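Visitor: Dropping in target-v9.pdb, with PDB, C-alpha atoms.
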ATOM      1  CA  MET A 103      29.957 -42.493  -6.677
ATOM      2  CA  ILE A 104      31.013 -41.923  -3.065
ATOM      3  CA  GLN A 105      33.514 -39.319  -4.266
ATOM      4  CA  ARG A 106      30.703 -37.508  -6.119
ATOM      5  CA  GLU A 107      28.524 -37.531  -2.981
ATOM      6  CA  ILE A 108      31.358 -36.125  -0.916
ATOM      7  CA  ASN A 109      31.847 -33.413  -3.519
ATOM      8  CA  ILE A 110      28.168 -32.432  -3.375
ATOM      9  CA  GLU A 111      28.221 -32.272   0.419
ATOM     10  CA  GLU A 112      31.562 -30.473   0.407
ATOM     11  CA  ASN A 113      30.306 -27.896  -2.054
ATOM     12  CA  LEU A 114      27.170 -27.266  -0.047
ATOM     13  CA  ASN A 115      29.072 -27.091   3.244
ATOM     14  CA  ARG A 116      31.433 -24.499   1.747
ATOM     15  CA  ILE A 117      28.646 -22.007   1.157
ATOM     16  CA  ALA A 118      29.477 -19.223   3.576
ATOM     17  CA  LYS A 119      27.027 -17.241   5.656
ATOM     18  CA  VAL A 120      26.819 -13.608   4.582
ATOM     19  CA  ASP A 121      25.545 -10.528   6.381
ATOM     20  CA  ALA A 122      22.274  -8.947   5.374
ATOM     21  CA  PRO A 123      22.651  -5.436   3.925
ATOM     22  CA  PRO A 124      22.749  -2.828   6.718
ATOM     23  CA  PHE A 125      19.918  -0.664   5.372
ATOM     24  CA  LEU A 126      17.316  -3.442   5.364
ATOM     25  CA  PHE A 127      15.795  -2.670   8.752
ATOM     26  CA  THR A 128      15.239   0.974   7.768
ATOM     27  CA  ARG A 129      13.348  -0.214   4.694
ATOM     28  CA  ILE A 130      11.265  -2.603   6.847
ATOM     29  CA  GLU A 131      10.416   0.240   9.243
ATOM     30  CA  ALA A 132       9.431   2.474   6.321
ATOM     31  CA  LYS A 133       7.186  -0.231   4.847
ATOM     32  CA  ILE A 134       5.502  -0.843   8.198
ATOM     33  CA  ALA A 135       5.043   2.903   8.711
ATOM     34  CA  THR A 136       3.293   3.324   5.347
ATOM     35  CA  GLU A 137       1.110   0.264   5.968
ATOM     36  CA  TYR A 138      -0.033   1.504   9.364
ATOM     37  CA  ALA A 139      -0.203   5.206   8.541
ATOM     38  CA  PRO A 140      -3.148   6.790  10.484
ATOM     39  CA  THR A 141      -4.159   8.901   7.495
ATOM     40  CA  SER A 142      -4.843   5.899   5.315
ATOM     41  CA  ARG A 143      -6.902   4.333   8.122
ATOM     42  CA  SER A 144      -8.972   7.470   8.647
ATOM     43  CA  TYR A 145      -9.579   7.764   4.894
ATOM     44  CA  THR A 146     -10.825   4.189   4.816
ATOM     45  CA  GLY A 147     -13.115   4.887   7.772
ATOM     46  CA  ILE A 148     -14.500   8.036   6.196
ATOM     47  CA  SER A 149     -15.158   6.336   2.851
ATOM     48  CA  ILE A 150     -16.921   3.375   4.548
ATOM     49  CA  ALA A 151     -19.047   5.737   6.680
ATOM     50  CA  SER A 152     -20.021   7.923   3.713
ATOM     51  CA  SER A 153     -20.996   4.919   1.570
ATOM     52  CA  CYS A 154     -23.130   3.621   4.484
ATOM     53  CA  ILE A 155     -24.885   7.023   4.713
ATOM     54  CA  ILE A 156     -25.526   7.052   0.951
ATOM     55  CA  ILE A 157     -26.953   3.520   1.043
ATOM     56  CA  ALA A 158     -29.158   4.390   4.047
ATOM     57  CA  LEU A 159     -30.425   7.560   2.304
ATOM     58  CA  ASN A 160     -31.266   5.540  -0.805
ATOM     59  CA  ILE A 161     -33.163   2.952   1.206
ATOM     60  CA  TRP A 162     -35.064   5.692   3.061
ATOM     61  CA  LEU A 163     -35.951   7.495  -0.163
ATOM     62  CA  ILE A 164     -37.122   4.337  -1.911
ATOM     63  CA  SER A 165     -39.284   3.268   1.026
ATOM     64  CA  ASN A 166     -40.744   6.801   1.325
ATOM     65  CA  VAL A 167     -41.650   6.988  -2.353
ATOM     66  CA  GLU A 168     -43.292   3.585  -2.133
ATOM     67  CA  SER A 169     -45.336   4.493   0.937
ATOM     68  CA  ASN A 170     -46.539   7.969  -0.177
ATOM     69  CA  ASP A 171     -46.546   8.341  -3.928
ATOM     70  CA  LEU A 172     -47.869   4.932  -4.821
ATOM     71  CA  LYS A 173     -50.883   5.517  -2.608
ATOM     72  CA  VAL A 174     -52.055   8.240  -4.989
ATOM     73  CA  GLU A 175     -54.857   6.803  -7.010
ATOM     74  CA  ASN A 176     -54.605   6.519 -10.745
ATOM     75  CA  ASN A 177     -56.994   9.430 -11.375
ATOM     76  CA  ASP A 178     -55.031  11.706  -9.093
ATOM     77  CA  ALA A 179     -51.840  10.762 -10.850
ATOM     78  CA  ILE A 180     -53.396  11.524 -14.239
ATOM     79  CA  SER A 181     -54.687  14.914 -13.091
ATOM     80  CA  ILE A 182     -51.306  15.817 -11.594
ATOM     81  CA  ILE A 183     -49.516  14.989 -14.827
ATOM     82  CA  SER A 184     -52.088  16.658 -17.081
ATOM     83  CA  ASN A 185     -52.134  19.801 -14.962
ATOM     84  CA  SER A 186     -48.386  20.002 -14.958
ATOM     85  CA  ILE A 187     -48.226  20.060 -18.767
ATOM     86  CA  GLY A 188     -51.403  22.124 -19.231
ATOM     87  CA  LEU A 189     -53.772  19.476 -20.657
ATOM     88  CA  GLU A 190     -57.547  19.330 -20.198
ATOM     89  CA  GLU A 191     -58.758  16.244 -18.362
ATOM     90  CA  SER A 192     -62.315  16.231 -19.770
ATOM     91  CA  ASN A 193     -63.122  14.085 -22.809
ATOM     92  CA  GLN A 194     -65.770  16.546 -24.059
ATOM     93  CA  LEU A 195     -64.897  18.593 -27.087
ATOM     94  CA  TYR A 196     -66.980  21.541 -26.022
ATOM     95  CA  TYR A 197     -67.466  22.405 -22.409
ATOM     96  CA  ASP A 198     -68.440  25.422 -20.444
TER      97      ASP A 198
ATOM     98  CA  MET B 267       8.000  -1.281  24.671
ATOM     99  CA  SER B 268       7.658   0.369  21.274
ATOM    100  CA  SER B 269       6.943  -2.051  18.419
ATOM    101  CA  SER B 270       9.940  -0.724  16.520
ATOM    102  CA  ILE B 271      12.312  -1.560  19.382
ATOM    103  CA  TRP B 272      11.119  -5.143  19.894
ATOM    104  CA  LEU B 273      11.112  -5.724  16.127
ATOM    105  CA  GLN B 274      14.661  -4.397  15.932
ATOM    106  CA  GLY B 275      15.643  -6.860  18.670
ATOM    107  CA  ILE B 276      14.108  -9.765  16.747
ATOM    108  CA  TYR B 277      15.646  -8.477  13.514
ATOM    109  CA  ASN B 278      19.141  -8.167  15.008
ATOM    110  CA  GLU B 279      18.961 -11.722  16.274
ATOM    111  CA  HIS B 280      17.501 -13.417  13.187
ATOM    112  CA  ASN B 281      18.202 -11.282  10.092
ATOM    113  CA  SER B 282      21.285 -13.245   9.071
ATOM    114  CA  MET B 283      19.428 -16.554   9.318
ATOM    115  CA  VAL B 284      16.486 -15.255   7.241
ATOM    116  CA  TYR B 285      18.697 -13.606   4.606
ATOM    117  CA  ASN B 286      20.961 -16.650   4.156
ATOM    118  CA  LEU B 287      18.056 -19.080   4.022
ATOM    119  CA  ALA B 288      16.358 -16.887   1.408
ATOM    120  CA  LEU B 289      19.608 -16.783  -0.587
ATOM    121  CA  ASN B 290      19.842 -20.566  -0.503
ATOM    122  CA  TYR B 291      16.302 -20.931  -1.837
ATOM    123  CA  LEU B 292      16.205 -18.033  -4.300
ATOM    124  CA  HIS B 293      19.898 -17.799  -5.399
ATOM    125  CA  ASN B 294      19.678 -14.051  -5.789
ATOM    126  CA  THR B 295      20.546 -11.136  -3.463
ATOM    127  CA  GLN B 296      17.711  -8.892  -4.655
ATOM    128  CA  ASP B 297      15.041 -11.533  -4.012
ATOM    129  CA  ALA B 298      16.689 -12.461  -0.706
ATOM    130  CA  GLU B 299      16.576  -8.817   0.434
ATOM    131  CA  GLU B 300      12.913  -8.488  -0.513
ATOM    132  CA  THR B 301      12.120 -11.770   1.206
ATOM    133  CA  THR B 302      13.924 -10.663   4.377
ATOM    134  CA  GLN B 303      11.859  -7.480   4.415
ATOM    135  CA  ASP B 304       8.598  -9.355   3.827
ATOM    136  CA  VAL B 305       9.395 -11.951   6.490
ATOM    137  CA  PHE B 306       9.964  -9.320   9.203
ATOM    138  CA  ILE B 307       6.842  -7.433   8.141
ATOM    139  CA  LYS B 308       4.925 -10.724   8.540
ATOM    140  CA  VAL B 309       6.559 -11.235  11.949
ATOM    141  CA  HIS B 310       5.377  -7.744  12.920
ATOM    142  CA  GLN B 311       1.847  -8.388  11.641
ATOM    143  CA  ARG B 312       1.432 -11.888  13.075
ATOM    144  CA  TYR B 313       3.326 -11.682  16.338
ATOM    145  CA  GLU B 314       0.070 -11.307  18.309
ATOM    146  CA  ASN B 315      -1.096 -14.651  16.877
ATOM    147  CA  PHE B 316       2.189 -16.432  17.650
ATOM    148  CA  ASN B 317       1.158 -19.042  20.223
ATOM    149  CA  HIS B 318       4.660 -19.826  21.589
ATOM    150  CA  SER B 319       4.093 -23.571  21.041
ATOM    151  CA  SER B 320       7.432 -23.490  19.207
ATOM    152  CA  SER B 321      10.434 -21.220  19.635
ATOM    153  CA  LEU B 322      10.524 -17.832  17.934
ATOM    154  CA  LYS B 323      13.438 -19.033  15.775
ATOM    155  CA  THR B 324      11.450 -22.055  14.544
ATOM    156  CA  TRP B 325       8.453 -19.824  13.807
ATOM    157  CA  ILE B 326      10.611 -17.408  11.787
ATOM    158  CA  TYR B 327      12.205 -20.350   9.951
ATOM    159  CA  ARG B 328       8.726 -21.542   8.939
ATOM    160  CA  ILE B 329       7.636 -18.084   7.766
ATOM    161  CA  THR B 330      10.835 -17.740   5.718
ATOM    162  CA  ILE B 331      10.548 -21.189   4.118
ATOM    163  CA  ASN B 332       6.883 -20.660   3.222
ATOM    164  CA  HIS B 333       7.625 -17.232   1.798
ATOM    165  CA  CYS B 334      10.524 -18.553  -0.312
ATOM    166  CA  LEU B 335       8.376 -21.397  -1.655
ATOM    167  CA  ASP B 336       5.688 -18.833  -2.552
ATOM    168  CA  VAL B 337       8.264 -16.745  -4.431
ATOM    169  CA  ILE B 338       9.411 -19.850  -6.337
ATOM    170  CA  LYS B 339       5.775 -20.679  -7.226
ATOM    171  CA  ALA B 340       5.251 -17.097  -8.406
ATOM    172  CA  ARG B 341       8.374 -17.363 -10.580
ATOM    173  CA  LYS B 342       7.026 -20.551 -12.165
ATOM    174  CA  ARG B 343       3.677 -18.882 -12.867
ATOM    175  CA  PHE B 344       5.566 -15.949 -14.353
ATOM    176  CA  LYS B 345       7.575 -18.280 -16.610
ATOM    177  CA  ARG B 346       4.343 -19.677 -18.071
ATOM    178  CA  PHE B 347       3.526 -16.224 -19.382
ATOM    179  CA  GLY B 348       7.087 -15.565 -20.465
ATOM    180  CA  PHE B 349       6.078 -15.204 -24.092
ATOM    181  CA  LEU B 350       4.071 -12.118 -23.135
ATOM    182  CA  ILE B 351       7.032 -10.647 -21.279
ATOM    183  CA  GLU B 352       9.215 -11.051 -24.367
ATOM    184  CA  ILE B 353       6.781  -8.845 -26.292
ATOM    185  CA  LEU B 354       7.097  -5.972 -23.803
ATOM    186  CA  PRO B 355       9.917  -3.697 -25.003
ATOM    187  CA  ASP B 356      11.119  -2.335 -21.642
ATOM    188  CA  SER B 357      10.636  -5.409 -19.510
ATOM    189  CA  HIS B 358      13.610  -5.975 -17.208
ATOM    190  CA  PHE B 359      12.259  -9.325 -16.055
ATOM    191  CA  LYS B 360      12.917 -12.021 -18.624
ATOM    192  CA  GLY B 361      11.640 -14.981 -16.621
ATOM    193  CA  THR B 362      15.090 -16.281 -15.721
ATOM    194  CA  VAL B 363      16.742 -15.349 -12.444
ATOM    195  CA  GLU B 364      20.369 -14.356 -12.402
ATOM    196  CA  PHE B 365      22.389 -16.571 -10.038
ATOM    197  CA  ASN B 366      23.967 -14.218  -7.541
ATOM    198  CA  HIS B 367      24.956 -15.864  -4.257
ATOM    199  CA  PRO B 368      27.652 -13.919  -2.377
ATOM    200  CA  GLY B 369      28.353 -16.851  -0.039
ATOM    201  CA  ILE B 370      29.882 -18.967  -2.801
ATOM    202  CA  GLU B 371      33.579 -18.731  -3.608
ATOM    203  CA  LEU B 372      34.336 -17.732  -7.173
ATOM    204  CA  GLU B 373      36.222 -20.919  -8.085
ATOM    205  CA  GLN B 374      33.345 -23.035  -6.745
ATOM    206  CA  LYS B 375      30.645 -20.927  -8.330
ATOM    207  CA  GLU B 376      29.931 -23.003 -11.428
ATOM    208  CA  ALA B 377      29.835 -26.367  -9.633
ATOM    209  CA  THR B 378      27.794 -25.068  -6.695
ATOM    210  CA  GLN B 379      25.403 -23.199  -8.989
ATOM    211  CA  ASN B 380      24.814 -26.456 -10.875
ATOM    212  CA  ILE B 381      24.141 -28.357  -7.629
ATOM    213  CA  MET B 382      21.817 -25.641  -6.308
ATOM    214  CA  ASN B 383      19.859 -25.508  -9.558
ATOM    215  CA  LYS B 384      19.352 -29.265  -9.315
ATOM    216  CA  ILE B 385      18.258 -28.936  -5.654
ATOM    217  CA  ALA B 386      15.673 -26.389  -6.833
ATOM    218  CA  GLN B 387      14.193 -29.074  -9.091
ATOM    219  CA  LEU B 388      13.564 -31.466  -6.192
ATOM    220  CA  PRO B 389      10.108 -31.783  -4.573
ATOM    221  CA  GLN B 390       9.542 -29.022  -1.987
ATOM    222  CA  LYS B 391       9.945 -31.174   1.127
ATOM    223  CA  GLN B 392      13.141 -32.832  -0.111
ATOM    224  CA  GLN B 393      14.484 -29.439  -1.132
ATOM    225  CA  THR B 394      13.737 -27.951   2.301
ATOM    226  CA  ALA B 395      15.214 -30.905   4.189
ATOM    227  CA  LEU B 396      18.408 -30.805   2.107
ATOM    228  CA  ILE B 397      18.872 -27.033   2.394
ATOM    229  CA  LEU B 398      18.339 -27.090   6.157
ATOM    230  CA  LYS B 399      20.683 -30.057   6.639
ATOM    231  CA  SER B 400      23.481 -29.570   4.141
ATOM    232  CA  ILE B 401      23.645 -25.784   3.810
ATOM    233  CA  GLU B 402      22.160 -24.423   7.039
ATOM    234  CA  GLY B 403      23.817 -27.206   9.034
ATOM    235  CA  LEU B 404      20.813 -27.968  11.266
ATOM    236  CA  SER B 405      20.408 -31.282  13.056
ATOM    237  CA  GLN B 406      17.708 -33.743  12.001
ATOM    238  CA  LYS B 407      15.866 -32.995  15.246
ATOM    239  CA  GLU B 408      15.814 -29.252  14.534
ATOM    240  CA  ILE B 409      14.635 -29.916  10.965
ATOM    241  CA  SER B 410      11.865 -32.220  12.201
ATOM    242  CA  VAL B 411      10.600 -29.472  14.553
ATOM    243  CA  ILE B 412      10.651 -26.856  11.769
ATOM    244  CA  MET B 413       8.971 -29.110   9.207
ATOM    245  CA  GLU B 414       6.632 -30.668  11.789
ATOM    246  CA  ILE B 415       7.389 -34.241  10.742
ATOM    247  CA  SER B 416       9.217 -37.105  12.486
ATOM    248  CA  GLU B 417      12.980 -37.490  12.466
ATOM    249  CA  LYS B 418      12.580 -40.768  10.555
ATOM    250  CA  ALA B 419      10.646 -38.946   7.856
ATOM    251  CA  ILE B 420      13.447 -36.375   7.649
ATOM    252  CA  GLU B 421      15.990 -39.169   7.252
ATOM    253  CA  SER B 422      13.952 -40.675   4.450
ATOM    254  CA  LEU B 423      13.481 -37.275   2.758
ATOM    255  CA  LEU B 424      17.228 -36.631   2.914
ATOM    256  CA  SER B 425      18.068 -40.031   1.517
ATOM    257  CA  ARG B 426      15.626 -39.579  -1.394
ATOM    258  CA  ALA B 427      16.842 -36.032  -1.991
ATOM    259  CA  ARG B 428      20.483 -37.143  -2.172
ATOM    260  CA  SER B 429      19.816 -40.005  -4.543
ATOM    261  CA  SER B 430      17.643 -37.799  -6.807
ATOM    262  CA  LEU B 431      20.358 -35.181  -6.765
ATOM    263  CA  LYS B 432      22.994 -37.729  -7.783
ATOM    264  CA  GLU B 433      20.773 -38.860 -10.656
ATOM    265  CA  LYS B 434      20.174 -35.301 -11.799
ATOM    266  CA  LEU B 435      23.891 -34.560 -11.673
ATOM    267  CA  GLY B 436      24.496 -37.314 -14.177
ATOM    268  CA  ASN B 437      25.379 -40.448 -12.261
TER     269      ASN B 437
END
Would you kindly transcribe this structure into structure tokens?
Guide:
Amino acid sequence: MIQREINIEENLNRIAKVDAPPFLFTRIEAKIATEYAPTSRSYTGISIASSCIIIALNIWLISNVESNDLKVENNDAISIISNSIGLEESNQLYYD
Amino acid sequence: MSSSIWLQGIYNEHNSMVYNLALNYLHNTQDAEETTQDVFIKVHQRYENFNHSSSLKTWIYRITINHCLDVIKARKRFKRFGFLIEILPDSHFKGTVEFNHPGIELEQKEATQNIMNKIAQLPQKQQTALILKSIEGLSQKEISVIMEISEKAIESLLSRARSSLKEKLGN
């Protein structure tokens, strides 16, 4: 039993330290450079800014439509639609 | 000082420690190389948050150990879906990791590989304590600082790890 324990410890103690491959730091530098590339940052900034503008435009348009168009009374809305497709508003069959 | 220069300084001082520790956890040069890269990228990213409550070496030890344990967890998750990998025709990853540790002498390879595979089956804390003590050759005090537990707890972890290892090796 003791012999076995010594063998385990001996085996583990015999594991030698090895050198890391020499090119590793170059790869690390390259990875860091791609992660922190200014172009990728500026693209992210531009895409965030443009989506904010689009959202703001949508909100403005929706609120504008609600405040102006919905104020038009029903009759006005009917006349606008009927005029646009060339329909007569009057219910009379014969009119002057 | 440019970030590349200070990182190179840290790398020159600690790369061997990180690479060897990764080898002892992952048993494979390719994974150890990737881990070494990832560890120094993490050091670069997190250095501003390093509070100097411990030494830089201890901090890098902790990052390396946590990263290795994450890789081992990922391997286990991958193994669960191994049946899917088998279906893929060109898959180079077959769920098992080739044992490739350049620090082990050829005539000792089989015996040491067997011991290291059994160490990998131990609970994480026992595994870490045993690797740091028996392979890295750290003192119990150094291990207790890295693992942030008392020296007595390290002693107990080592004792349990050794007896479990003996059982697993067929005693």
Visitor: Here's the selection I'm unsure about, the ChimeraX specification (/B :<9) & /A; applied to the file above, which residues does it give, as a compact mmCIF listing (two decimals) with C-alpha atoms, in the coordinates of the input?
Guide:
# COMPACT_ATOMS: atom_id res chain seq x y z
CA MET A 103 29.96 -42.49 -6.68
CA ARG A 106 30.70 -37.51 -6.12
CA GLU A 107 28.52 -37.53 -2.98
CA ILE A 110 28.17 -32.43 -3.38
CA GLU A 111 28.22 -32.27 0.42
CA GLU A 112 31.56 -30.47 0.41
CA ASN A 113 30.31 -27.90 -2.05
CA LEU A 114 27.17 -27.27 -0.05
CA ASN A 115 29.07 -27.09 3.24
CA ARG A 116 31.43 -24.50 1.75
CA ILE A 117 28.65 -22.01 1.16
CA ALA A 118 29.48 -19.22 3.58
CA LYS A 119 27.03 -17.24 5.66
CA VAL A 120 26.82 -13.61 4.58
CA ASP A 121 25.54 -10.53 6.38
CA ALA A 122 22.27 -8.95 5.37
CA PRO A 123 22.65 -5.44 3.92
CA LEU A 126 17.32 -3.44 5.36
CA PHE A 127 15.80 -2.67 8.75
CA ARG A 129 13.35 -0.21 4.69
CA ILE A 130 11.26 -2.60 6.85
CA GLU A 131 10.42 0.24 9.24
CA LYS A 133 7.19 -0.23 4.85
CA ILE A 134 5.50 -0.84 8.20
Visitor: One number please: atom CA of Ala427 of chain B to atom CA of Lys391 of chain B, in Å, one decimal.
Guide: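 Spanning atom CA of Ala427 of chain B to atom CA of Lys391 of chain B is a straight-line distance of 9.0 Å.
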Visitor: Counting only C-alpha atoms, write as a ChimeraX atom specification all protein and nucleic acid residues lying at most 9 Å from (19.6, -16.6, -8.7) in the file's frame.
Guide: /B:289,291-297,362-367,379,383
Visitor: Fewer than 4 positions away in the same chain doesn't count, so skip those; otherwise give me all residues within 12 Å of Ser319 of chain B, counting only C-alpha atoms, as a PyMOL selection string.
Guide: chain B and resi 315+323-325+411-412+414
Visitor: Record the distance separating atom CA of Asn109 of chain A and atom CA of Asn380 of chain B, expressed in Å with one decimal.
Guide: 12.3 Å
Visitor: What is the distance, in Å and to one decimal place, between atom CA of Ile409 of chain B and atom CA of Ala395 of chain B?
Guide: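 Computing the Euclidean distance for atom CA of Ile409 of chain B and atom CA of Ala395 of chain B yields 6.9 Å.
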Visitor: Box for segment 150-154 of chain A: with edges along x, y and z, all listed atoms inside and 5 Å added on each side, what are the centre and edge lengths in Å to one decimal, as JSON?
Guide:
{"center_x": -20.0, "center_y": 5.6, "center_z": 4.1, "size_x": 16.2, "size_y": 14.5, "size_z": 15.1}
Visitor: Expand the PyMOL selection byres ((chain B and resi 423) around 10) into the explicit residue set it covers here, and present it as a ChimeraX atom specification.
Guide: /B:389,391-396,417-422,424-428
Visitor: Please expand the PyMOL selection byres ((chain B and resi 322) around 12) into the concrete residues it hits in this file, giving the result as a VMD selection string.
Guide: chain B and resid 276 to 277 279 to 280 309 312 to 313 316 to 321 323 to 329 412
